[in-house]
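These notes concern the structure reproduced below.
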There are 2 protein chains.
Amino acid sequence: MRKSKTPTDRSGGGIAIARTIAETASTLATHSSDPVGACGIGFCGPVDFRQQKSVKSLHVGGWENISLARQLSEALGVPAIMDNNGNVGALGEAMLGAARGKENVVYMTLSTGVAGGILINGKVYRGSRNIAAELGHVKVVSNDETPFRCYCGRRGCLESVCSVGGIRAITERRMKAPLSPRELFEAANQGDMQAADVIEEITGYLARGIASVAHTLDPDVIVIGGGVARAGDVLFEPLYLALKSELMSAYDPRTLVVPAALGDDSVLIGAVALARTLEPAPTSSTHPVSR
Amino acid sequence: MRKSKTPTDRSGGGIAIARTIAETASTLATHSSDPVGACGIGFCGPVDFRQQKSVKSLHVGGWENISLARQLSEALGVPAIMDNNGNVGALGEAMLGAARGKENVVYMTLSTGVAGGILINGKVYRGSRNIAAELGHVKVVSNDETPFRCYCGRRGCLESVCSVGGIRAITERRMKAPLSPRELFEAANQGDMQAADVIEEITGYLARGIASVAHTLDPDVIVIGGGVARAGDVLFEPLYLALKSELMSAYDPRTLVVPAALGDDSVLIGAVALARTLEPAPTSSTHPVSR
């Protein structure tokens, strides 16, 4: 696998960044010894899959209605296809990661936001309005109980307590210190009991959200990815404990819920899987692009 | 449609009741002017669909591992197939009811328990362990907040607050009176403000559960059936209000969430739809049996 990272100029918005991506992909393709057969794209924001356009980016302005797939298809001279990061990450973990060979897969990322992707019978399930797997907006906290309003404007969403911002807010409220999730997990690893208590609160919410999804979908596996999930045991051990009291007894928390295996590459690998869904099937290697 | 209701002798357990069902079905078939082509069964309890056996009944003892479909197939001389009430009710509402012509359907019954069924692309989705759509165990109340333990042994489940028993418990706690759901809705209809407040609490929980399922599955429609749902506007109007603050703005509560249209016949009609899935396709009419 060949990878390339390129800094982008935010000021130009989606159009300028899309051009940079197309140039980077072309350069990568030119230097590849294998011919490029197709292009898959994992986009960090909602995608209108039918129109193959970005709806908006979660990070940068100016990404409304950008036909990134078409631009890359023209730049590379091969078919291209794009989907949101959640769906593409799920495909990646199912192809080569923690959900390898599984049919019914839930992928949940804990990061700036909480996003998700669902595979049913090995295929991305997009729902009736193309907005399935909005797992960040599964309800885990009572409206009365939480001081945290979600960016969606509502209360009690998983994202409002388990995203980076949500974890920061809970930590600050309870520890009176503005720790990042990384610093919180580090403190707990070094024996800080108060940090461990905060993690117990957060994993309690996370377990509740996971249980609701599990009891609805009965998936083979729920893969937890994103920056927060990289904390490892200091996150997953209290999570498994909380899951034991939230999940129906038919589920073994440790086999149902697993950390992502591909780290930053879930989406990159998933873009290859996505490209493989293009008809006609690519005859040679594929070319993933992630942003 | 010809229907027949027969009282059963609980003391004999599943084996005796299955025999009564087979006799009733045979009599019905004998008196039918159309030949019977297949038999569909909606069972009130978990079903091992692959083995075509009941796991247990939610109402009567002695239903463990009963091959009701095989018995009916032998009695009627046609292929027979069984599934649980939730899945079969979803099929019924999709065939002739409130989800007619819809592809992605959630059916939720509020009754003695809270059960569910999910159709994806028009087909029953059973999950990886055959226990998908356990919507009664979606989490809607914080563990700290609820005095209600669910029959599953856990806390915070939708079933613990929106089943008949759950509604009774909340009503008794708040009104100091042991009202049934029917009496509670009747009181609210007659202007009892305290009853209206209790319904507001209950529909708040229900809205939270519905929102979690909607944000996960993005279905065309969520059909609410079961005895409790028959309350009508006195339940649905406060539910729509609560849904407005729980659902993402992409959803219109009144088109997403609708009462079941077939009443007691959701499962009966669904059994016909289930029978139609049998291969080879039935050549004549089908013969539904519900219990």
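Each chain of the structure tokens is named A, B, ... in the order shown, its residues numbered from 1; ligands are numbered from 1 in display order.
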
Next on the checklist: Taking only C-alpha atoms into account, find every residue of chain B that has an atom no more than 6 Å from chain A, and write it out as a PyMOL selection string.
Outcome noted: chain B and resi 127-128+132-135+138-139+212+215-220

Please superimpose chain B on chain A using every C-alpha atom, paired by order, in a least-squares fit, and write the moved chain as a PDB file with C-alpha atoms, in the first residue's frame.
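This went into superposed-v9.pdb:
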ATOM      1  CA  MET B   1       0.007  -0.026   0.026  1.00  0.00           C
ATOM      2  CA  ARG B   2       1.285   3.409  -0.905  1.00  0.00           C
ATOM      3  CA  LYS B   3       0.043   6.396   1.111  1.00  0.00           C
ATOM      4  CA  SER B   4       0.434  10.107   0.628  1.00  0.00           C
ATOM      5  CA  LYS B   5      -0.478  12.975   2.979  1.00  0.00           C
ATOM      6  CA  THR B   6      -0.816  16.519   1.726  1.00  0.00           C
ATOM      7  CA  PRO B   7      -1.586  19.693   3.699  1.00  0.00           C
ATOM      8  CA  THR B   8      -4.590  21.564   2.335  1.00  0.00           C
ATOM      9  CA  ASP B   9      -5.414  25.240   2.140  1.00  0.00           C
ATOM     10  CA  ARG B  10      -8.629  25.679   4.123  1.00  0.00           C
ATOM     11  CA  SER B  11      -9.164  29.220   2.883  1.00  0.00           C
ATOM     12  CA  GLY B  12     -10.062  28.014  -0.599  1.00  0.00           C
ATOM     13  CA  GLY B  13     -12.890  25.832   0.727  1.00  0.00           C
ATOM     14  CA  GLY B  14     -13.986  22.559  -0.782  1.00  0.00           C
ATOM     15  CA  ILE B  15     -13.266  23.482  -4.386  1.00  0.00           C
ATOM     16  CA  ALA B  16      -9.571  24.216  -3.754  1.00  0.00           C
ATOM     17  CA  ILE B  17      -9.128  21.212  -1.453  1.00  0.00           C
ATOM     18  CA  ALA B  18     -10.803  18.916  -3.971  1.00  0.00           C
ATOM     19  CA  ARG B  19      -8.319  20.140  -6.578  1.00  0.00           C
ATOM     20  CA  THR B  20      -5.398  19.385  -4.223  1.00  0.00           C
ATOM     21  CA  ILE B  21      -6.807  15.899  -3.558  1.00  0.00           C
ATOM     22  CA  ALA B  22      -7.139  15.233  -7.284  1.00  0.00           C
ATOM     23  CA  GLU B  23      -3.545  16.370  -7.898  1.00  0.00           C
ATOM     24  CA  THR B  24      -2.227  14.237  -5.025  1.00  0.00           C
ATOM     25  CA  ALA B  25      -4.130  11.210  -6.280  1.00  0.00           C
ATOM     26  CA  SER B  26      -2.863  11.718  -9.828  1.00  0.00           C
ATOM     27  CA  THR B  27       0.736  11.936  -8.616  1.00  0.00           C
ATOM     28  CA  LEU B  28       0.281   8.786  -6.535  1.00  0.00           C
ATOM     29  CA  ALA B  29      -1.260   6.969  -9.517  1.00  0.00           C
ATOM     30  CA  THR B  30       1.514   8.095 -11.838  1.00  0.00           C
ATOM     31  CA  HIS B  31       4.137   6.644  -9.517  1.00  0.00           C
ATOM     32  CA  SER B  32       2.269   3.374  -8.979  1.00  0.00           C
ATOM     33  CA  SER B  33       3.679   0.307 -10.693  1.00  0.00           C
ATOM     34  CA  ASP B  34       0.185  -1.231 -10.916  1.00  0.00           C
ATOM     35  CA  PRO B  35      -2.434   0.402 -13.103  1.00  0.00           C
ATOM     36  CA  VAL B  36      -5.212   2.098 -11.126  1.00  0.00           C
ATOM     37  CA  GLY B  37      -8.616   0.485 -11.710  1.00  0.00           C
ATOM     38  CA  ALA B  38     -10.972   2.497  -9.530  1.00  0.00           C
ATOM     39  CA  CYS B  39     -11.043   5.166  -6.837  1.00  0.00           C
ATOM     40  CA  GLY B  40     -12.807   4.973  -3.468  1.00  0.00           C
ATOM     41  CA  ILE B  41     -13.270   7.983  -1.198  1.00  0.00           C
ATOM     42  CA  GLY B  42     -14.099   8.238   2.513  1.00  0.00           C
ATOM     43  CA  PHE B  43     -15.423  11.729   3.240  1.00  0.00           C
ATOM     44  CA  CYS B  44     -15.489  13.285   6.687  1.00  0.00           C
ATOM     45  CA  GLY B  45     -19.047  14.548   6.670  1.00  0.00           C
ATOM     46  CA  PRO B  46     -22.460  13.648   5.313  1.00  0.00           C
ATOM     47  CA  VAL B  47     -22.515  12.497   1.688  1.00  0.00           C
ATOM     48  CA  ASP B  48     -25.450  12.429  -0.679  1.00  0.00           C
ATOM     49  CA  PHE B  49     -24.611   8.948  -1.882  1.00  0.00           C
ATOM     50  CA  ARG B  50     -27.097   8.848  -4.739  1.00  0.00           C
ATOM     51  CA  GLN B  51     -25.871  12.176  -6.153  1.00  0.00           C
ATOM     52  CA  GLN B  52     -22.274  11.337  -5.162  1.00  0.00           C
ATOM     53  CA  LYS B  53     -21.840  14.803  -3.648  1.00  0.00           C
ATOM     54  CA  SER B  54     -20.634  16.005  -0.286  1.00  0.00           C
ATOM     55  CA  VAL B  55     -23.405  17.621   1.781  1.00  0.00           C
ATOM     56  CA  LYS B  56     -20.932  19.448   4.007  1.00  0.00           C
ATOM     57  CA  SER B  57     -17.644  18.854   5.777  1.00  0.00           C
ATOM     58  CA  LEU B  58     -17.558  18.515   9.549  1.00  0.00           C
ATOM     59  CA  HIS B  59     -14.217  20.353   9.642  1.00  0.00           C
ATOM     60  CA  VAL B  60     -13.969  22.914   6.852  1.00  0.00           C
ATOM     61  CA  GLY B  61     -16.409  25.327   5.222  1.00  0.00           C
ATOM     62  CA  GLY B  62     -17.228  25.366   1.540  1.00  0.00           C
ATOM     63  CA  TRP B  63     -17.840  21.656   1.035  1.00  0.00           C
ATOM     64  CA  GLU B  64     -21.499  21.939   0.129  1.00  0.00           C
ATOM     65  CA  ASN B  65     -22.436  19.947  -2.993  1.00  0.00           C
ATOM     66  CA  ILE B  66     -18.935  19.164  -4.173  1.00  0.00           C
ATOM     67  CA  SER B  67     -18.711  16.322  -6.700  1.00  0.00           C
ATOM     68  CA  LEU B  68     -15.405  15.035  -5.394  1.00  0.00           C
ATOM     69  CA  ALA B  69     -15.907  11.572  -6.912  1.00  0.00           C
ATOM     70  CA  ARG B  70     -16.492  13.025 -10.381  1.00  0.00           C
ATOM     71  CA  GLN B  71     -13.397  15.229 -10.079  1.00  0.00           C
ATOM     72  CA  LEU B  72     -11.232  12.292  -9.037  1.00  0.00           C
ATOM     73  CA  SER B  73     -12.719  10.122 -11.746  1.00  0.00           C
ATOM     74  CA  GLU B  74     -11.769  12.743 -14.335  1.00  0.00           C
ATOM     75  CA  ALA B  75      -8.303  13.258 -12.875  1.00  0.00           C
ATOM     76  CA  LEU B  76      -7.514   9.534 -12.750  1.00  0.00           C
ATOM     77  CA  GLY B  77      -9.467   8.318 -15.762  1.00  0.00           C
ATOM     78  CA  VAL B  78     -11.160   5.572 -13.724  1.00  0.00           C
ATOM     79  CA  PRO B  79     -14.547   5.222 -12.025  1.00  0.00           C
ATOM     80  CA  ALA B  80     -14.690   6.762  -8.544  1.00  0.00           C
ATOM     81  CA  ILE B  81     -17.126   6.473  -5.639  1.00  0.00           C
ATOM     82  CA  MET B  82     -17.478   8.307  -2.327  1.00  0.00           C
ATOM     83  CA  ASP B  83     -19.260   7.737   0.961  1.00  0.00           C
ATOM     84  CA  ASN B  84     -19.012   9.123   4.476  1.00  0.00           C
ATOM     85  CA  ASN B  85     -16.245   8.089   6.888  1.00  0.00           C
ATOM     86  CA  GLY B  86     -18.551   5.999   9.072  1.00  0.00           C
ATOM     87  CA  ASN B  87     -19.742   3.746   6.274  1.00  0.00           C
ATOM     88  CA  VAL B  88     -16.290   3.522   4.719  1.00  0.00           C
ATOM     89  CA  GLY B  89     -14.616   2.773   8.060  1.00  0.00           C
ATOM     90  CA  ALA B  90     -17.102  -0.074   8.592  1.00  0.00           C
ATOM     91  CA  LEU B  91     -16.163  -1.502   5.193  1.00  0.00           C
ATOM     92  CA  GLY B  92     -12.457  -1.247   6.059  1.00  0.00           C
ATOM     93  CA  GLU B  93     -12.774  -3.017   9.406  1.00  0.00           C
ATOM     94  CA  ALA B  94     -14.889  -5.718   7.738  1.00  0.00           C
ATOM     95  CA  MET B  95     -12.371  -6.211   4.931  1.00  0.00           C
ATOM     96  CA  LEU B  96      -9.129  -6.354   6.910  1.00  0.00           C
ATOM     97  CA  GLY B  97      -9.800  -5.321  10.506  1.00  0.00           C
ATOM     98  CA  ALA B  98     -11.684  -6.264  13.648  1.00  0.00           C
ATOM     99  CA  ALA B  99     -14.861  -7.255  11.767  1.00  0.00           C
ATOM    100  CA  ARG B 100     -13.110  -9.376   9.154  1.00  0.00           C
ATOM    101  CA  GLY B 101     -15.469 -11.855   7.582  1.00  0.00           C
ATOM    102  CA  LYS B 102     -18.460 -10.614   9.597  1.00  0.00           C
ATOM    103  CA  GLU B 103     -21.794  -9.972   7.905  1.00  0.00           C
ATOM    104  CA  ASN B 104     -23.653  -7.649  10.283  1.00  0.00           C
ATOM    105  CA  VAL B 105     -21.295  -4.987  11.533  1.00  0.00           C
ATOM    106  CA  VAL B 106     -21.631  -1.756  13.474  1.00  0.00           C
ATOM    107  CA  TYR B 107     -18.698   0.631  13.361  1.00  0.00           C
ATOM    108  CA  MET B 108     -18.676   3.539  15.812  1.00  0.00           C
ATOM    109  CA  THR B 109     -16.055   6.298  15.865  1.00  0.00           C
ATOM    110  CA  LEU B 110     -15.406   8.347  18.958  1.00  0.00           C
ATOM    111  CA  SER B 111     -13.667  11.464  17.783  1.00  0.00           C
ATOM    112  CA  THR B 112     -14.517  15.156  17.287  1.00  0.00           C
ATOM    113  CA  GLY B 113     -17.989  13.763  16.727  1.00  0.00           C
ATOM    114  CA  VAL B 114     -19.481  10.314  17.236  1.00  0.00           C
ATOM    115  CA  ALA B 115     -20.292   8.756  13.880  1.00  0.00           C
ATOM    116  CA  GLY B 116     -21.160   5.305  12.680  1.00  0.00           C
ATOM    117  CA  GLY B 117     -21.557   2.882   9.847  1.00  0.00           C
ATOM    118  CA  ILE B 118     -23.694  -0.235   9.561  1.00  0.00           C
ATOM    119  CA  LEU B 119     -23.141  -3.246   7.334  1.00  0.00           C
ATOM    120  CA  ILE B 120     -25.990  -5.681   6.857  1.00  0.00           C
ATOM    121  CA  ASN B 121     -25.150  -8.900   5.047  1.00  0.00           C
ATOM    122  CA  GLY B 122     -21.768  -7.338   4.353  1.00  0.00           C
ATOM    123  CA  LYS B 123     -23.194  -4.307   2.556  1.00  0.00           C
ATOM    124  CA  VAL B 124     -23.453  -0.715   3.719  1.00  0.00           C
ATOM    125  CA  TYR B 125     -26.936  -0.030   5.064  1.00  0.00           C
ATOM    126  CA  ARG B 126     -27.811   3.601   4.352  1.00  0.00           C
ATOM    127  CA  GLY B 127     -31.422   3.786   5.493  1.00  0.00           C
ATOM    128  CA  SER B 128     -34.396   5.402   3.809  1.00  0.00           C
ATOM    129  CA  ARG B 129     -33.079   8.996   3.834  1.00  0.00           C
ATOM    130  CA  ASN B 130     -29.404   8.057   3.516  1.00  0.00           C
ATOM    131  CA  ILE B 131     -28.868   9.014   7.189  1.00  0.00           C
ATOM    132  CA  ALA B 132     -28.734   5.651   8.946  1.00  0.00           C
ATOM    133  CA  ALA B 133     -26.094   4.994  11.614  1.00  0.00           C
ATOM    134  CA  GLU B 134     -26.255   8.451  13.174  1.00  0.00           C
ATOM    135  CA  LEU B 135     -25.045   6.700  16.301  1.00  0.00           C
ATOM    136  CA  GLY B 136     -23.933   9.956  17.890  1.00  0.00           C
ATOM    137  CA  HIS B 137     -27.600  10.788  18.310  1.00  0.00           C
ATOM    138  CA  VAL B 138     -28.657   7.642  20.106  1.00  0.00           C
ATOM    139  CA  LYS B 139     -30.006   8.831  23.471  1.00  0.00           C
ATOM    140  CA  VAL B 140     -27.990   7.938  26.538  1.00  0.00           C
ATOM    141  CA  VAL B 141     -28.665  10.686  29.053  1.00  0.00           C
ATOM    142  CA  SER B 142     -31.964  11.962  30.370  1.00  0.00           C
ATOM    143  CA  ASN B 143     -32.855  15.470  29.308  1.00  0.00           C
ATOM    144  CA  ASP B 144     -33.075  16.530  32.948  1.00  0.00           C
ATOM    145  CA  GLU B 145     -29.724  15.057  33.799  1.00  0.00           C
ATOM    146  CA  THR B 146     -27.323  16.557  31.311  1.00  0.00           C
ATOM    147  CA  PRO B 147     -25.928  20.038  31.079  1.00  0.00           C
ATOM    148  CA  PHE B 148     -24.598  19.178  27.619  1.00  0.00           C
ATOM    149  CA  ARG B 149     -26.386  20.268  24.520  1.00  0.00           C
ATOM    150  CA  CYS B 150     -25.404  18.298  21.438  1.00  0.00           C
ATOM    151  CA  TYR B 151     -24.330  20.183  18.306  1.00  0.00           C
ATOM    152  CA  CYS B 152     -27.581  18.872  16.802  1.00  0.00           C
ATOM    153  CA  GLY B 153     -29.342  21.175  19.237  1.00  0.00           C
ATOM    154  CA  ARG B 154     -30.832  18.329  21.264  1.00  0.00           C
ATOM    155  CA  ARG B 155     -29.950  16.871  24.624  1.00  0.00           C
ATOM    156  CA  GLY B 156     -28.960  13.446  25.812  1.00  0.00           C
ATOM    157  CA  CYS B 157     -27.168  12.345  22.629  1.00  0.00           C
ATOM    158  CA  LEU B 158     -24.215   9.957  22.876  1.00  0.00           C
ATOM    159  CA  GLU B 159     -22.117  12.531  21.025  1.00  0.00           C
ATOM    160  CA  SER B 160     -22.763  15.140  23.706  1.00  0.00           C
ATOM    161  CA  VAL B 161     -20.959  12.985  26.297  1.00  0.00           C
ATOM    162  CA  CYS B 162     -18.602  10.643  24.393  1.00  0.00           C
ATOM    163  CA  SER B 163     -17.086  12.867  21.701  1.00  0.00           C
ATOM    164  CA  VAL B 164     -13.821  14.665  22.445  1.00  0.00           C
ATOM    165  CA  GLY B 165     -15.774  17.812  23.372  1.00  0.00           C
ATOM    166  CA  GLY B 166     -18.245  15.847  25.496  1.00  0.00           C
ATOM    167  CA  ILE B 167     -15.487  14.065  27.411  1.00  0.00           C
ATOM    168  CA  ARG B 168     -13.713  17.389  27.923  1.00  0.00           C
ATOM    169  CA  ALA B 169     -16.878  18.977  29.319  1.00  0.00           C
ATOM    170  CA  ILE B 170     -17.563  16.125  31.747  1.00  0.00           C
ATOM    171  CA  THR B 171     -13.927  16.092  32.852  1.00  0.00           C
ATOM    172  CA  GLU B 172     -13.903  19.830  33.437  1.00  0.00           C
ATOM    173  CA  ARG B 173     -17.163  19.702  35.392  1.00  0.00           C
ATOM    174  CA  ARG B 174     -15.987  16.900  37.649  1.00  0.00           C
ATOM    175  CA  MET B 175     -12.251  17.518  37.962  1.00  0.00           C
ATOM    176  CA  LYS B 176     -12.317  21.324  37.629  1.00  0.00           C
ATOM    177  CA  ALA B 177      -9.455  20.910  35.167  1.00  0.00           C
ATOM    178  CA  PRO B 178      -9.563  21.312  31.381  1.00  0.00           C
ATOM    179  CA  LEU B 179      -8.013  17.942  30.476  1.00  0.00           C
ATOM    180  CA  SER B 180      -8.143  16.516  26.977  1.00  0.00           C
ATOM    181  CA  PRO B 181      -9.352  12.899  26.683  1.00  0.00           C
ATOM    182  CA  ARG B 182      -5.732  11.854  26.155  1.00  0.00           C
ATOM    183  CA  GLU B 183      -4.689  13.614  29.390  1.00  0.00           C
ATOM    184  CA  LEU B 184      -7.661  12.114  31.227  1.00  0.00           C
ATOM    185  CA  PHE B 185      -6.762   8.558  30.176  1.00  0.00           C
ATOM    186  CA  GLU B 186      -3.105   9.224  30.986  1.00  0.00           C
ATOM    187  CA  ALA B 187      -4.059  10.445  34.486  1.00  0.00           C
ATOM    188  CA  ALA B 188      -6.152   7.329  35.087  1.00  0.00           C
ATOM    189  CA  ASN B 189      -3.298   5.141  33.874  1.00  0.00           C
ATOM    190  CA  GLN B 190      -1.111   6.823  36.473  1.00  0.00           C
ATOM    191  CA  GLY B 191      -3.530   5.971  39.255  1.00  0.00           C
ATOM    192  CA  ASP B 192      -5.624   9.145  39.520  1.00  0.00           C
ATOM    193  CA  MET B 193      -8.839   7.845  41.085  1.00  0.00           C
ATOM    194  CA  GLN B 194     -10.844  10.906  40.140  1.00  0.00           C
ATOM    195  CA  ALA B 195      -9.878  10.430  36.506  1.00  0.00           C
ATOM    196  CA  ALA B 196     -10.940   6.786  36.790  1.00  0.00           C
ATOM    197  CA  ASP B 197     -14.314   7.926  38.167  1.00  0.00           C
ATOM    198  CA  VAL B 198     -14.819  10.279  35.230  1.00  0.00           C
ATOM    199  CA  ILE B 199     -14.008   7.461  32.814  1.00  0.00           C
ATOM    200  CA  GLU B 200     -16.541   5.287  34.647  1.00  0.00           C
ATOM    201  CA  GLU B 201     -19.203   7.931  34.065  1.00  0.00           C
ATOM    202  CA  ILE B 202     -18.312   8.231  30.374  1.00  0.00           C
ATOM    203  CA  THR B 203     -18.136   4.483  29.740  1.00  0.00           C
ATOM    204  CA  GLY B 204     -21.502   4.164  31.483  1.00  0.00           C
ATOM    205  CA  TYR B 205     -23.047   6.430  28.834  1.00  0.00           C
ATOM    206  CA  LEU B 206     -21.183   4.659  26.054  1.00  0.00           C
ATOM    207  CA  ALA B 207     -22.370   1.254  27.288  1.00  0.00           C
ATOM    208  CA  ARG B 208     -25.955   2.479  27.288  1.00  0.00           C
ATOM    209  CA  GLY B 209     -25.672   3.657  23.685  1.00  0.00           C
ATOM    210  CA  ILE B 210     -23.971   0.452  22.595  1.00  0.00           C
ATOM    211  CA  ALA B 211     -26.660  -1.636  24.314  1.00  0.00           C
ATOM    212  CA  SER B 212     -29.453   0.205  22.518  1.00  0.00           C
ATOM    213  CA  VAL B 213     -27.777  -0.353  19.160  1.00  0.00           C
ATOM    214  CA  ALA B 214     -26.997  -4.004  19.953  1.00  0.00           C
ATOM    215  CA  HIS B 215     -30.544  -4.775  21.093  1.00  0.00           C
ATOM    216  CA  THR B 216     -31.896  -3.160  17.923  1.00  0.00           C
ATOM    217  CA  LEU B 217     -29.526  -4.690  15.364  1.00  0.00           C
ATOM    218  CA  ASP B 218     -28.077  -7.825  16.978  1.00  0.00           C
ATOM    219  CA  PRO B 219     -24.864  -7.425  14.954  1.00  0.00           C
ATOM    220  CA  ASP B 220     -21.973  -9.877  14.844  1.00  0.00           C
ATOM    221  CA  VAL B 221     -19.698  -7.208  16.194  1.00  0.00           C
ATOM    222  CA  ILE B 222     -19.558  -3.544  17.195  1.00  0.00           C
ATOM    223  CA  VAL B 223     -16.181  -2.034  16.329  1.00  0.00           C
ATOM    224  CA  ILE B 224     -15.151   1.079  18.248  1.00  0.00           C
ATOM    225  CA  GLY B 225     -12.733   3.325  16.383  1.00  0.00           C
ATOM    226  CA  GLY B 226     -11.672   6.965  16.300  1.00  0.00           C
ATOM    227  CA  GLY B 227      -9.029   8.752  18.352  1.00  0.00           C
ATOM    228  CA  VAL B 228     -10.733   8.225  21.734  1.00  0.00           C
ATOM    229  CA  ALA B 229     -10.845   4.435  21.228  1.00  0.00           C
ATOM    230  CA  ARG B 230      -7.073   4.343  20.934  1.00  0.00           C
ATOM    231  CA  ALA B 231      -6.904   4.787  24.730  1.00  0.00           C
ATOM    232  CA  GLY B 232      -6.975   0.983  25.016  1.00  0.00           C
ATOM    233  CA  ASP B 233      -7.673  -0.895  28.252  1.00  0.00           C
ATOM    234  CA  VAL B 234      -8.135   2.218  30.366  1.00  0.00           C
ATOM    235  CA  LEU B 235     -11.259   2.843  28.266  1.00  0.00           C
ATOM    236  CA  PHE B 236     -12.289  -0.701  27.332  1.00  0.00           C
ATOM    237  CA  GLU B 237     -12.024  -2.385  30.754  1.00  0.00           C
ATOM    238  CA  PRO B 238     -14.535  -0.047  32.459  1.00  0.00           C
ATOM    239  CA  LEU B 239     -16.618  -0.191  29.261  1.00  0.00           C
ATOM    240  CA  TYR B 240     -16.838  -3.997  29.451  1.00  0.00           C
ATOM    241  CA  LEU B 241     -17.850  -3.741  33.105  1.00  0.00           C
ATOM    242  CA  ALA B 242     -20.613  -1.276  32.261  1.00  0.00           C
ATOM    243  CA  LEU B 243     -21.740  -3.381  29.286  1.00  0.00           C
ATOM    244  CA  LYS B 244     -22.190  -6.374  31.573  1.00  0.00           C
ATOM    245  CA  SER B 245     -25.001  -4.556  33.332  1.00  0.00           C
ATOM    246  CA  GLU B 246     -26.506  -3.004  30.185  1.00  0.00           C
ATOM    247  CA  LEU B 247     -26.445  -5.840  27.623  1.00  0.00           C
ATOM    248  CA  MET B 248     -28.894  -8.720  27.527  1.00  0.00           C
ATOM    249  CA  SER B 249     -27.300 -11.915  28.757  1.00  0.00           C
ATOM    250  CA  ALA B 250     -27.204 -13.361  25.217  1.00  0.00           C
ATOM    251  CA  TYR B 251     -24.240 -11.075  24.537  1.00  0.00           C
ATOM    252  CA  ASP B 252     -20.652 -11.458  25.660  1.00  0.00           C
ATOM    253  CA  PRO B 253     -19.363  -7.864  25.940  1.00  0.00           C
ATOM    254  CA  ARG B 254     -15.799  -8.828  24.999  1.00  0.00           C
ATOM    255  CA  THR B 255     -16.681 -10.527  21.744  1.00  0.00           C
ATOM    256  CA  LEU B 256     -19.513  -8.162  20.807  1.00  0.00           C
ATOM    257  CA  VAL B 257     -17.588  -4.921  21.340  1.00  0.00           C
ATOM    258  CA  VAL B 258     -14.012  -4.661  20.095  1.00  0.00           C
ATOM    259  CA  PRO B 259     -11.551  -1.873  19.340  1.00  0.00           C
ATOM    260  CA  ALA B 260     -10.895  -1.051  15.686  1.00  0.00           C
ATOM    261  CA  ALA B 261      -7.887  -2.965  14.372  1.00  0.00           C
ATOM    262  CA  LEU B 262      -6.831  -0.669  11.563  1.00  0.00           C
ATOM    263  CA  GLY B 263      -6.408   2.569  13.516  1.00  0.00           C
ATOM    264  CA  ASP B 264      -6.135   5.529  11.184  1.00  0.00           C
ATOM    265  CA  ASP B 265      -6.368   3.220   8.186  1.00  0.00           C
ATOM    266  CA  SER B 266      -9.957   1.964   8.719  1.00  0.00           C
ATOM    267  CA  VAL B 267     -11.257   4.546   6.276  1.00  0.00           C
ATOM    268  CA  LEU B 268      -8.335   4.207   3.862  1.00  0.00           C
ATOM    269  CA  ILE B 269      -8.765   0.430   3.616  1.00  0.00           C
ATOM    270  CA  GLY B 270     -12.538   0.893   3.504  1.00  0.00           C
ATOM    271  CA  ALA B 271     -12.149   3.147   0.476  1.00  0.00           C
ATOM    272  CA  VAL B 272     -10.585   0.186  -1.316  1.00  0.00           C
ATOM    273  CA  ALA B 273     -13.558  -1.968  -0.317  1.00  0.00           C
ATOM    274  CA  LEU B 274     -15.920   0.766  -1.511  1.00  0.00           C
ATOM    275  CA  ALA B 275     -14.117   1.026  -4.856  1.00  0.00           C
ATOM    276  CA  ARG B 276     -14.512  -2.713  -5.278  1.00  0.00           C
ATOM    277  CA  THR B 277     -18.303  -2.303  -5.188  1.00  0.00           C
ATOM    278  CA  LEU B 278     -18.167  -0.321  -8.429  1.00  0.00           C
ATOM    279  CA  GLU B 279     -19.652  -2.003 -11.496  1.00  0.00           C
ATOM    280  CA  PRO B 280     -17.995  -3.264 -13.605  1.00  0.00           C
ATOM    281  CA  ALA B 281     -15.594  -4.775 -11.092  1.00  0.00           C
ATOM    282  CA  PRO B 282     -12.164  -3.162 -11.268  1.00  0.00           C
ATOM    283  CA  THR B 283      -9.782  -5.401 -13.144  1.00  0.00           C
ATOM    284  CA  SER B 284      -6.604  -4.293 -11.395  1.00  0.00           C
ATOM    285  CA  SER B 285      -5.641  -2.565  -8.161  1.00  0.00           C
ATOM    286  CA  THR B 286      -7.656   0.190  -6.562  1.00  0.00           C
ATOM    287  CA  HIS B 287      -6.640   3.563  -5.353  1.00  0.00           C
ATOM    288  CA  PRO B 288      -7.938   4.809  -2.014  1.00  0.00           C
ATOM    289  CA  VAL B 289      -8.147   8.453  -1.055  1.00  0.00           C
ATOM    290  CA  SER B 290      -9.176   9.533   2.408  1.00  0.00           C
ATOM    291  CA  ARG B 291      -9.625  12.970   3.819  1.00  0.00           C
TER     292      ARG B 291
END

Next on the checklist: Please extract the residues of stretch 77-286 of chain A with a backbone DSSP assignment of alpha helix (DSSP H) and present them as a ChimeraX atom specification.
Outcome noted: /A:85-96,159-162,164-175,181-189,193-217,233-246,253-256,266-276

Checklist entry - Among stretch 60-189 of chain B, which residues carry a DSSP assignment of strand (DSSP E or B), reported as a list in words? => result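 Reading the DSSP output for stretch 60-189 of chain B, strand (DSSP E or B) covers Ala80, Ile81, Met82, Asp83, Asn84, Val105, Val106, Tyr107, Met108, Thr109, Leu110, Val114, Ala115, Gly116, Gly117, Ile118, Leu119, Ile120, Lys123, Val124, Lys139, Arg149, Arg155 and Cys157 of chain B.
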